[in-house]
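Notes to accompany the following structure.
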Amino acid sequence: MFVPLLLFPLTKEETPARIRAARRFWIVLVISVLSFFPQIVAASNVQDTSRHLYDRVMEEFKQGDYEAALAGFRFFIALHPNAALTANAQYWIGECQYRLGRYEEALRSFSSVGSYDPVSQKRPASAFKVGQTYSMLGDYYRARLAFEEVIDQYPGGAEAQLARKAIQGIIPKIESTLPHPMKQISNMTTR
């Protein structure tokens, strides 16, 4: 409302009114901008805090202190359930559990990464780790299904290449666990 009034050159008769209007305009503008500033600063501080905590917990993981990292990533998710790094933290929870030999827990953690962020960059890695975890549990059939799912869903990614190699590695294990008649059927289908 005041902006068009301010764009025209001032005349002697309009000067005091236009100056008051310009002052009101700038005061309203400054107050409006400053009223949003605390929200911007607060959002920035939360993001900075969450990133700082995430990085600190990653250092624990890199140092091989998987118990501390596991607790730290759980704490991170509790404090920042909607942060951009929450799906990543869930993946690393699974990785800690996997490295601690807690395969059942790791399987649940890797499987739930997508529930935090359906388009997370950790989804291919967590899908691959599901296959690896099934393999560690000795369930080679499910491991193969998980690896095939990785190949289907992420065909061009590094995880798909790893999944192909993993399938080749577990085929002998699958065949050795099949009952004798099933081995014959398996051999017939692979020819």
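Within each chain, counting starts at residue 1; across the structure tokens, chains are named A, B, ... in the order shown, with ligands numbered 1 upward in that order.
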Please provide the set of residues having any atom within 12 Å of Arg142 (chain A), restricted to only C-alpha atoms, with same-chain residues fewer than 4 positions apart removed, written as a list in words.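 Here the qualifying residues turn out to be Leu107, Phe128, Val130, Gly131, Gln132, Thr133, Tyr134, Ser135, Met136, Leu137, Gly138, Ala146, Phe147, Glu148, Glu149, Ile167, Ile170, Ile171 and Ile174 of chain A.
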Got a sec: who's within 8 Å of Phe110 (chain A), counting only C-alpha atoms, leaving out chain neighbours fewer than 5 positions off, as a ChimeraX atom specification? /A:90-91,94-95,126-127,129-130
Can you work out the spacing between CA of Gln168 (chain A) and CA of Gly156 (chain A) in Å, to one decimal? 18.1 Å
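Residue nearest Thr86 (chain A), chosen from A:Val57, A:Val113, A:Ala166, A:Ala160 and counting only C-alpha atoms: A:Val113.
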Exercise: Ala71 (chain A) partners within 10 Å, only C-alpha atoms, chain neighbours under 5 positions left out, as an MDAnalysis selection string: chainID A and resid 57 66 76 93 96
Output as a VMD selection string all residues of region 110-146 of chain A that backbone DSSP marks as alpha helix (DSSP H). chain A and resid 110 to 111 113 to 116 123 to 136 140 to 146
Would you please work out which residue, of A:Ser176, A:Ser111, A:Asn88, A:Asn82, is nearest to Tyr54 (chain A) when using only C-alpha atoms?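 Nearest to Tyr54 (chain A): A:Asn88.
One distance worth recording is that between CA of Arg74 (chain A) and CA of Gly101 (chain A), which is 17.8 Å.
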Under the rule that only C-alpha atoms are counted, which of A:Pro155, A:Arg144, A:Ala78, A:Ser112 is the nearest residue to Pro172 (chain A)?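 The closest residue to Pro172 (chain A) is A:Arg144.
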For a quick check of understanding, using only C-alpha atoms, which of A:Phe61, A:Tyr140, A:Phe73, A:Trp92 has the smallest distance to Ala125 (chain A)?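 Smallest distance to Ala125 (chain A) is found for A:Trp92.
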Residue with the minimum atom-to-atom distance to Asp117 (chain A), picked from A:Ala83, A:Glu175, A:Lys165, A:Glu60 with only C-alpha atoms counted, is A:Ala83
Excluding Ser50 (chain A) and its own-chain neighbours fewer than 5 positions away, which residues fall within 10 Å of it when counting only C-alpha atoms? Please give them as an MDAnalysis selection string. chainID A and resid 44:45 55:56 76:77 79:80 83:86
Polymer residues at most 8 Å from Ile151 (chain A), only C-alpha atoms, same-chain spacing of 5 or more positions, as a PyMOL selection string: chain A and resi 159-161+163-164
Using all heavy atoms, can you write the selected residues to a file as a PDB file, in the first residue's frame?
ATOM      1  N   GLU A 159      25.136 -51.582  -4.457  1.00  0.00           N
ATOM      2  CA  GLU A 159      24.551 -52.656  -3.662  1.00  0.00           C
ATOM      3  C   GLU A 159      24.073 -53.800  -4.545  1.00  0.00           C
ATOM      4  O   GLU A 159      24.142 -54.967  -4.149  1.00  0.00           O
ATOM      5  CB  GLU A 159      23.393 -52.126  -2.807  1.00  0.00           C
ATOM      6  CG  GLU A 159      23.832 -51.213  -1.682  1.00  0.00           C
ATOM      7  CD  GLU A 159      24.053 -49.778  -2.122  1.00  0.00           C
ATOM      8  OE1 GLU A 159      23.821 -49.449  -3.305  1.00  0.00           O
ATOM      9  OE2 GLU A 159      24.474 -48.969  -1.271  1.00  0.00           O
ATOM     10  N   ALA A 160      23.600 -53.498  -5.759  1.00  0.00           N
ATOM     11  CA  ALA A 160      23.158 -54.553  -6.675  1.00  0.00           C
ATOM     12  C   ALA A 160      24.346 -55.422  -7.094  1.00  0.00           C
ATOM     13  O   ALA A 160      24.218 -56.654  -7.181  1.00  0.00           O
ATOM     14  CB  ALA A 160      22.475 -53.949  -7.900  1.00  0.00           C
ATOM     15  N   GLN A 161      25.484 -54.794  -7.349  1.00  0.00           N
ATOM     16  CA  GLN A 161      26.690 -55.567  -7.689  1.00  0.00           C
ATOM     17  C   GLN A 161      27.107 -56.459  -6.524  1.00  0.00           C
ATOM     18  O   GLN A 161      27.447 -57.630  -6.720  1.00  0.00           O
ATOM     19  CB  GLN A 161      27.834 -54.629  -8.071  1.00  0.00           C
ATOM     20  CG  GLN A 161      27.596 -53.880  -9.360  1.00  0.00           C
ATOM     21  CD  GLN A 161      28.695 -52.859  -9.647  1.00  0.00           C
ATOM     22  OE1 GLN A 161      29.572 -52.616  -8.820  1.00  0.00           O
ATOM     23  NE2 GLN A 161      28.642 -52.264 -10.826  1.00  0.00           N
ATOM     24  N   ALA A 163      25.133 -57.562  -4.224  1.00  0.00           N
ATOM     25  CA  ALA A 163      24.096 -58.591  -4.068  1.00  0.00           C
ATOM     26  C   ALA A 163      24.311 -59.738  -5.051  1.00  0.00           C
ATOM     27  O   ALA A 163      24.131 -60.910  -4.696  1.00  0.00           O
ATOM     28  CB  ALA A 163      22.710 -57.972  -4.249  1.00  0.00           C
ATOM     29  N   ARG A 164      24.710 -59.425  -6.279  1.00  0.00           N
ATOM     30  CA  ARG A 164      24.994 -60.480  -7.263  1.00  0.00           C
ATOM     31  C   ARG A 164      26.133 -61.393  -6.780  1.00  0.00           C
ATOM     32  O   ARG A 164      26.063 -62.612  -6.879  1.00  0.00           O
ATOM     33  CB  ARG A 164      25.344 -59.866  -8.616  1.00  0.00           C
ATOM     34  CG  ARG A 164      24.165 -59.295  -9.353  1.00  0.00           C
ATOM     35  CD  ARG A 164      24.553 -58.750 -10.743  1.00  0.00           C
ATOM     36  NE  ARG A 164      23.466 -57.984 -11.301  1.00  0.00           N
ATOM     37  CZ  ARG A 164      23.303 -56.670 -11.169  1.00  0.00           C
ATOM     38  NH1 ARG A 164      24.203 -55.950 -10.520  1.00  0.00           N
ATOM     39  NH2 ARG A 164      22.274 -56.058 -11.715  1.00  0.00           N
TER      40      ARG A 164
END
CA of Pro118 (chain A) sits from CA of Pro81 (chain A) at a separation of 14.3 Å
